[in-house]
Every structure is written in structure tokens, then in C-alpha cells.
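These notes concern the structure reproduced below.
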Amino acid sequence: MKPQLAASFYATISISFWGVSFVSTKAVLDKLDPYTLIMLRFAIGAGFLLLVLLLKRYPLQIPLKYIPHLIVLGVLGVFIHQVIQVSALKTIDASSAGWIISFSPVFTVLLSMIFLHEKLTFLKTLGIITAISGVLMVTGARSGQTLGFALNIGYFLMILSTLNWAVYSILVRKLQIKLPSLVVTFYMSLLGCVLTIPFLMRDRGWEKFHLLSDSEWAHILFLGIFVSGIGYWYWSKALEVLEASKVSMFIYMEPLFTFIAAVLLLREKIFFISFMGGIIIIIGVIMVNGQLKYFSWRKR
């Protein structure tokens with residue numbers, strides 16, 4: 001398999017896992033509180049990544065100067081991000097969460113303007129307006145509104161999650177940790193697990209483990225091994241071959257995987273206006289990122 005084709009395969013696998021993760025999270029929230037679920041997910045993920053690191057004989061030691069960076073990224077990109085997302089999924093559908101999370105690049109562009117002094121072009125402005133319109137359609141779909149923001153704390157938390165991820169993305173770009181992606185991912189997963197342990201102890205989350213069915217344990221294993229482990233690992237492998245701008249295009253497929261999995265596994269109802277709102281969000285994000293040229297027909 002050619003390197004670029006293999007990288008595209010790795011990126012597609014990662015995005016499919018991340019898209020389905022909203023469905024798996026939603027499937028077990030009736031039994032577990034958010035902190036217990038996050039602890040289990042990242043404990044399994046960190047264990048899997050450690051095994052991969054040992055098998056590949058990657059060095060586990062890291063320079064002291066990178067420890068504060070890893071802590072900041074772990075708190076934002078793993079702990080806070082997952083707590084907000086899982087809490088949001090308690091009150092909104094998985095498919096809606098998948099559509100809204102694709103709005104994150106818009107916040108990234110806005111923050112880049114403020115902190116990285118990037119220019120706001122007409123196309124980016126039009127893209128931001130388009131994406132916001134799509135968010136309003138998604139959030140209003142299940143409240144009976146044609147175009148409006150439904151007063152649901154879950155939607156607010158999910159949008160806050162996209163803002164948090166944008167801040168995290170800006171920090172990753174600024175900090176530039178010169179370590180293998182697999183090593184960084186392992187320590188971030190480990191930190192995410194450690195930070196949730198006090199909440200697990202407070203809520204005695206382990207007392208609910210016996211309530212989980214075999215299918216729910218399967219969802220948790222999927223979140224730990226495939227989403228937190230293989231997903232991040234394959235994403236880093238794709239980035240080793242393809243440019244970041246090309247790999248980022250695969251993100252547009254994530255809500256589609258969420259949508260399909262939510263319908264098939266959770267039997268969520270299909271709302272046409274919600275689906276159209278999601279497509280409009282993606283179109284707006286493509287405009288914001290200036291990637292329309294990749295989707296236009298060019299003569300060969």
C-alpha cells in the first residue's frame with residue numbers, strides 16, 4: 001500500500017472511531033456518571049497505549065521542560081474536554097453532538113485571529129455566518145423551531161466543548177512539544193485517568209460496575225481501546241505522511257459516522273432540518289478553513 005493511501009486509511013479509521021464515540025458514550029450514561037465513565041475509558045486507553053509503547057520500544061522518559069506543557073494539554077484536551085462532552089450527552093442526542101462538534105474549527109480561526117494575528121477574509125466571515133446558521137438549525141430541530149437556539153444546557157455545553165478544543169488546538173500549535181505523538185497521547189490519557197480518580201472515590205462509582213451489561217462493557221472497551229488508543233495512534237500515523245491541512249479534511253466525515261451509528265445503534269429519530277443543519281455547518285467550516293479549492297473540479 002502506498003504511503004499516502006495508507007495515511008488516508010489511518011485517518012479514516014480514526015475519524016470513524018471518534019464519530020461513533022458519541023454513540024458509545026450515550027449508550028452507557030444511564031448506568032455510569034460522567035467521571036466514572038471517563039476514568040474507565042482513559043484507564044483502558046492508557047493501558048493500551050503503554051502496551052504499544054513497550055512493544056515498539058519507545059522511550060517513556062520525557063524532558064522536565066515538557067511536563068508543564070503536558071499537564072496543561074492533558075487538563076484541557078482530555079479532562080475538561082471529556083467532562084463537558086459527556087455531561088452534554090446526558091441531555092442531547094448523540095447525532096446532534098456530532099454535528100455541533102464539527103463547529104470547532106470556527107472557534108480555532110477566531111482565536112487564531114486574536115492570538116496569532118491571522119486575517120479575517122470575506123470568505124472566512126461568510127463561512128462563520130454559514131456555520132452558525134447550521135448550529136441554530138441543529139439545536140432548534142428537536143424543539144420544533146425552524147431556526148433558533150433551543151434552551152438546553154446540553155447544547156450549551158457541547159458548544160463550550162468546541163471552544164475548549166479550539167483553545168487546546170491553539171496551545172498545541174504554540175507549545176510545539178517535540179516528542180513522539182504516541183508518547184504525548186499516552187501521558188495525556190494517563191493524566192485524564194488520574195484527574196478523575198478523586199471524583200470516582202467521592203461518588204463511589206465502582207459500585208455501579210455490576211449494573212453494566214455485556215454490551216455496555218463492550219462500549220466502554222471500544223471507547224478505551226479504539227477511540228482513546230488506536231484512534232489517536234492512527235491519527236498520528238496519518239500526520240507522519242500527509243500534511244496537517246490534508247488530514248484535517250477527514251474531520252468533515254466525523255459527524256456522518258456519528259449520525260449513522262446513532263440511527264443504527266441508538267434508534268435515534270432522523271430530523272431532516274437537523275441533518276441539513278449539520279451539512280451547512282460542514283460547508284461553513286470548509287469555507288472558514290479556505291479548503292473549497294480541494295472540493296472544486298479541476299481539469300487535469
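Note on naming: chains are A, B, ... as they come in the C-alpha cells, residues start from 1 per chain, ligands start from 1 in the order shown.
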
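The environment of Glu207 (chain A) within 12 Å, counting only C-alpha atoms and disregarding residues fewer than 4 places along the same chain, consists of Lys31, Leu32, Asp33, Thr36, Leu200, Met201, Arg202, Asp203, Leu211 and Leu212 of chain A.
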
Between region 167-261 of chain A and region 88-98 of chain A, at 12 Å or less, what are the per-residue closest atom pairs and their distances in Å? Count only C-alpha atoms, order by chain and rising residue number, and return it as JSON lines.
```
{"residue": "A:Ile251", "atom": "CA", "partner": "A:Gly98", "partner_atom": "CA", "distance": 10.9}
{"residue": "A:Tyr252", "atom": "CA", "partner": "A:Gly98", "partner_atom": "CA", "distance": 10.4}
{"residue": "A:Met253", "atom": "CA", "partner": "A:Gly98", "partner_atom": "CA", "distance": 10.0}
{"residue": "A:Glu254", "atom": "CA", "partner": "A:Gly98", "partner_atom": "CA", "distance": 7.1}
{"residue": "A:Pro255", "atom": "CA", "partner": "A:Gly98", "partner_atom": "CA", "distance": 4.5}
{"residue": "A:Leu256", "atom": "CA", "partner": "A:Gly98", "partner_atom": "CA", "distance": 7.8}
{"residue": "A:Phe257", "atom": "CA", "partner": "A:Gly98", "partner_atom": "CA", "distance": 8.4}
{"residue": "A:Thr258", "atom": "CA", "partner": "A:Ser95", "partner_atom": "CA", "distance": 5.6}
{"residue": "A:Phe259", "atom": "CA", "partner": "A:Ser95", "partner_atom": "CA", "distance": 4.8}
{"residue": "A:Ile260", "atom": "CA", "partner": "A:Ser95", "partner_atom": "CA", "distance": 8.2}
{"residue": "A:Ala261", "atom": "CA", "partner": "A:Ser95", "partner_atom": "CA", "distance": 8.3}
```

Next item on the list: Could you tell me which of A:Val227, A:Ala218, A:Ile100, A:Leu123 comes closest to Gln85 (chain A) if we count only C-alpha atoms?
Entry: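 Using only C-alpha atoms, the shortest distance to Gln85 (chain A) belongs to A:Ile100.
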
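The shell of residues at most 9 Å from Ser181 (chain A), with only C-alpha atoms counted and near chain neighbours (fewer than 6 positions) removed, consists of Tyr232, Trp233, Ser236 and Lys237 of chain A.
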
How would the residues just picked look written out with all heavy atoms as a PDB file, in the first residue's frame?
```pdb
ATOM      1  N   TYR A 232      -6.187   7.783  18.299  1.00  0.00           N
ATOM      2  CA  TYR A 232      -5.119   8.774  18.389  1.00  0.00           C
ATOM      3  C   TYR A 232      -3.821   8.267  17.761  1.00  0.00           C
ATOM      4  O   TYR A 232      -3.073   9.029  17.146  1.00  0.00           O
ATOM      5  CB  TYR A 232      -4.866   9.146  19.854  1.00  0.00           C
ATOM      6  CG  TYR A 232      -5.901  10.096  20.412  1.00  0.00           C
ATOM      7  CD1 TYR A 232      -6.943   9.644  21.212  1.00  0.00           C
ATOM      8  CD2 TYR A 232      -5.825  11.460  20.146  1.00  0.00           C
ATOM      9  CE1 TYR A 232      -7.892  10.506  21.717  1.00  0.00           C
ATOM     10  CE2 TYR A 232      -6.761  12.341  20.652  1.00  0.00           C
ATOM     11  CZ  TYR A 232      -7.801  11.852  21.442  1.00  0.00           C
ATOM     12  OH  TYR A 232      -8.737  12.719  21.938  1.00  0.00           O
ATOM     13  N   TRP A 233      -3.561   6.985  17.906  1.00  0.00           N
ATOM     14  CA  TRP A 233      -2.348   6.397  17.334  1.00  0.00           C
ATOM     15  C   TRP A 233      -2.381   6.474  15.805  1.00  0.00           C
ATOM     16  O   TRP A 233      -1.426   6.929  15.169  1.00  0.00           O
ATOM     17  CB  TRP A 233      -2.229   4.946  17.799  1.00  0.00           C
ATOM     18  CG  TRP A 233      -1.033   4.212  17.259  1.00  0.00           C
ATOM     19  CD1 TRP A 233       0.148   4.755  16.835  1.00  0.00           C
ATOM     20  CD2 TRP A 233      -0.916   2.799  17.071  1.00  0.00           C
ATOM     21  NE1 TRP A 233       1.004   3.762  16.403  1.00  0.00           N
ATOM     22  CE2 TRP A 233       0.383   2.565  16.542  1.00  0.00           C
ATOM     23  CE3 TRP A 233      -1.760   1.723  17.327  1.00  0.00           C
ATOM     24  CZ2 TRP A 233       0.822   1.275  16.245  1.00  0.00           C
ATOM     25  CZ3 TRP A 233      -1.315   0.445  17.042  1.00  0.00           C
ATOM     26  CH2 TRP A 233      -0.037   0.224  16.507  1.00  0.00           C
ATOM     27  N   SER A 236      -1.957  10.033  14.478  1.00  0.00           N
ATOM     28  CA  SER A 236      -0.558  10.474  14.458  1.00  0.00           C
ATOM     29  C   SER A 236       0.197   9.827  13.298  1.00  0.00           C
ATOM     30  O   SER A 236       1.077  10.445  12.689  1.00  0.00           O
ATOM     31  CB  SER A 236       0.130  10.146  15.785  1.00  0.00           C
ATOM     32  OG  SER A 236       0.212   8.742  15.994  1.00  0.00           O
ATOM     33  N   LYS A 237      -0.140   8.565  12.956  1.00  0.00           N
ATOM     34  CA  LYS A 237       0.499   7.896  11.823  1.00  0.00           C
ATOM     35  C   LYS A 237       0.137   8.595  10.517  1.00  0.00           C
ATOM     36  O   LYS A 237       0.978   8.726   9.612  1.00  0.00           O
ATOM     37  CB  LYS A 237       0.075   6.419  11.768  1.00  0.00           C
ATOM     38  CG  LYS A 237       0.724   5.549  12.841  1.00  0.00           C
ATOM     39  CD  LYS A 237       0.138   4.157  12.845  1.00  0.00           C
ATOM     40  CE  LYS A 237       0.567   3.366  11.636  1.00  0.00           C
ATOM     41  NZ  LYS A 237       2.005   3.042  11.668  1.00  0.00           N
TER      42      LYS A 237
END
```

Check: Between A:Gln4, A:Ser24, A:Gln176, A:Ser161, which one has atoms that come closest to Val83 (chain A), using only C-alpha atoms?
Finding: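 For Val83 (chain A), the nearest of the candidates is A:Ser161.
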
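Those residues that approach Gln61 (chain A) to within 12 Å, counting only C-alpha atoms, are A:Leu53, A:Arg57, A:Tyr58, A:Leu64, A:Lys65, A:Tyr66, A:Ile67, A:Leu179, A:Pro180, A:Val183, A:Val184, A:Phe186, A:Tyr187; same-chain residues fewer than 3 positions away are not listed.
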
Grab the residues selected above and save them as a compact mmCIF listing (two decimals), in the first residue's frame with all heavy atoms.
```
# COMPACT_ATOMS: atom_id res chain seq x y z
N LEU A 53 3.59 1.22 23.36
CA LEU A 53 4.89 1.87 23.55
C LEU A 53 5.97 0.86 23.93
O LEU A 53 7.10 0.93 23.43
CB LEU A 53 4.78 2.95 24.64
CG LEU A 53 4.05 4.23 24.25
CD1 LEU A 53 3.78 5.09 25.49
CD2 LEU A 53 4.85 5.02 23.23
N ARG A 57 9.07 -0.25 21.76
CA ARG A 57 10.30 0.16 22.46
C ARG A 57 10.53 1.67 22.39
O ARG A 57 11.65 2.13 22.17
CB ARG A 57 11.49 -0.61 21.90
CG ARG A 57 11.39 -2.12 22.13
CD ARG A 57 12.63 -2.84 21.65
NE ARG A 57 12.52 -4.28 21.93
CZ ARG A 57 13.46 -5.18 21.64
NH1 ARG A 57 14.60 -4.76 21.07
NH2 ARG A 57 13.27 -6.45 21.92
N TYR A 58 9.46 2.42 22.57
CA TYR A 58 9.58 3.87 22.64
C TYR A 58 10.07 4.25 24.04
O TYR A 58 9.64 3.65 25.03
CB TYR A 58 8.22 4.53 22.40
CG TYR A 58 7.88 4.78 20.95
CD1 TYR A 58 8.05 3.78 19.99
CD2 TYR A 58 7.37 5.99 20.54
CE1 TYR A 58 7.72 4.00 18.67
CE2 TYR A 58 7.04 6.22 19.21
CZ TYR A 58 7.21 5.21 18.28
OH TYR A 58 6.88 5.42 16.98
N LEU A 64 12.05 17.43 31.56
CA LEU A 64 11.29 18.16 32.59
C LEU A 64 10.60 19.39 32.03
O LEU A 64 9.51 19.77 32.50
CB LEU A 64 12.23 18.56 33.74
CG LEU A 64 12.77 17.42 34.61
CD1 LEU A 64 13.76 17.98 35.64
CD2 LEU A 64 11.63 16.70 35.31
N LYS A 65 11.20 20.02 31.02
CA LYS A 65 10.63 21.26 30.48
C LYS A 65 9.27 21.03 29.81
O LYS A 65 8.49 21.98 29.64
CB LYS A 65 11.59 21.90 29.48
CG LYS A 65 11.83 21.07 28.23
CD LYS A 65 12.77 21.81 27.27
CE LYS A 65 13.00 21.00 25.99
NZ LYS A 65 13.88 21.72 25.04
N TYR A 66 8.99 19.77 29.42
CA TYR A 66 7.73 19.49 28.75
C TYR A 66 6.61 19.09 29.71
O TYR A 66 5.43 19.00 29.31
CB TYR A 66 7.91 18.37 27.72
CG TYR A 66 8.67 18.79 26.49
CD1 TYR A 66 9.61 17.93 25.91
CD2 TYR A 66 8.47 20.04 25.90
CE1 TYR A 66 10.33 18.31 24.78
CE2 TYR A 66 9.19 20.43 24.77
CZ TYR A 66 10.11 19.56 24.22
OH TYR A 66 10.81 19.94 23.10
N ILE A 67 6.94 18.82 30.96
CA ILE A 67 5.93 18.36 31.92
C ILE A 67 4.81 19.39 32.12
O ILE A 67 3.62 19.04 32.08
CB ILE A 67 6.58 17.98 33.26
CG1 ILE A 67 7.43 16.71 33.08
CG2 ILE A 67 5.51 17.74 34.34
CD1 ILE A 67 8.14 16.25 34.33
N LEU A 179 8.08 15.65 21.00
CA LEU A 179 8.08 14.26 21.45
C LEU A 179 7.22 13.45 20.49
O LEU A 179 6.35 14.01 19.81
CB LEU A 179 7.50 14.15 22.87
CG LEU A 179 8.30 14.75 24.02
CD1 LEU A 179 7.49 14.71 25.31
CD2 LEU A 179 9.61 14.01 24.21
N PRO A 180 7.44 12.13 20.40
CA PRO A 180 6.57 11.30 19.55
C PRO A 180 5.10 11.45 19.96
O PRO A 180 4.78 11.50 21.15
CB PRO A 180 7.08 9.87 19.80
CG PRO A 180 8.50 10.06 20.23
CD PRO A 180 8.52 11.34 21.01
N VAL A 183 3.79 9.01 22.55
CA VAL A 183 4.21 9.29 23.93
C VAL A 183 3.35 10.39 24.54
O VAL A 183 2.88 10.28 25.68
CB VAL A 183 5.70 9.70 23.97
CG1 VAL A 183 6.10 10.10 25.39
CG2 VAL A 183 6.58 8.56 23.49
N VAL A 184 3.11 11.45 23.78
CA VAL A 184 2.28 12.56 24.26
C VAL A 184 0.87 12.07 24.56
O VAL A 184 0.29 12.40 25.59
CB VAL A 184 2.25 13.71 23.23
CG1 VAL A 184 1.25 14.80 23.65
CG2 VAL A 184 3.64 14.31 23.06
N PHE A 186 -0.11 9.04 25.30
CA PHE A 186 -0.12 8.17 26.48
C PHE A 186 -0.18 8.99 27.76
O PHE A 186 -1.01 8.71 28.64
CB PHE A 186 1.12 7.28 26.48
CG PHE A 186 1.40 6.65 27.82
CD1 PHE A 186 0.56 5.68 28.33
CD2 PHE A 186 2.49 7.06 28.58
CE1 PHE A 186 0.79 5.11 29.58
CE2 PHE A 186 2.74 6.49 29.82
CZ PHE A 186 1.90 5.52 30.32
N TYR A 187 0.68 9.99 27.88
CA TYR A 187 0.71 10.77 29.12
C TYR A 187 -0.55 11.61 29.30
O TYR A 187 -1.01 11.82 30.43
CB TYR A 187 1.96 11.65 29.16
CG TYR A 187 3.20 10.88 29.56
CD1 TYR A 187 4.21 10.59 28.64
CD2 TYR A 187 3.35 10.41 30.86
CE1 TYR A 187 5.32 9.86 29.01
CE2 TYR A 187 4.46 9.68 31.24
CZ TYR A 187 5.45 9.40 30.31
OH TYR A 187 6.55 8.67 30.68
```

Margin query: Can you pull out the residues contacting Leu37 (chain A)? Cut-off 12 Å, using only C-alpha atoms, and skip same-chain residues under 5 positions away; I want them as a PyMOL selection string.
Written below: chain A and resi 24-32+42-44+79+82-83+85-87+192-193+196-197+199-200+205-206+208-209+212+216-217+219-221+223-224

Check: Between CA of Gly231 (chain A) and CA of Val20 (chain A), what is the distance, to one decimal in Å?
Finding: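 Atom-to-atom, CA of Gly231 (chain A) to CA of Val20 (chain A), that is 11.2 Å.
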
Notebook entry, point to check: Which of these, A:Met158, A:Arg267, A:Leu175, A:Val23, has the shortest distance to Pro68 (chain A) once you count only C-alpha atoms?
Noted result: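 Looking at the shortest contact to Pro68 (chain A), the residue is A:Leu175.
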
Next item on the list: Please provide as a PyMOL selection string all residues within 10 Å of His81 (chain A), with the sequence filter that same-chain residues fewer than 3 positions apart are discarded (counting only C-alpha atoms).
Entry: chain A and resi 74-78+84-86+157-158+160-165+168+192

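Counting only C-alpha atoms and comparing A:Leu182, A:Phe107, A:Ile71, A:Leu191, the residue that lies closest to Leu54 (chain A) is A:Leu182.
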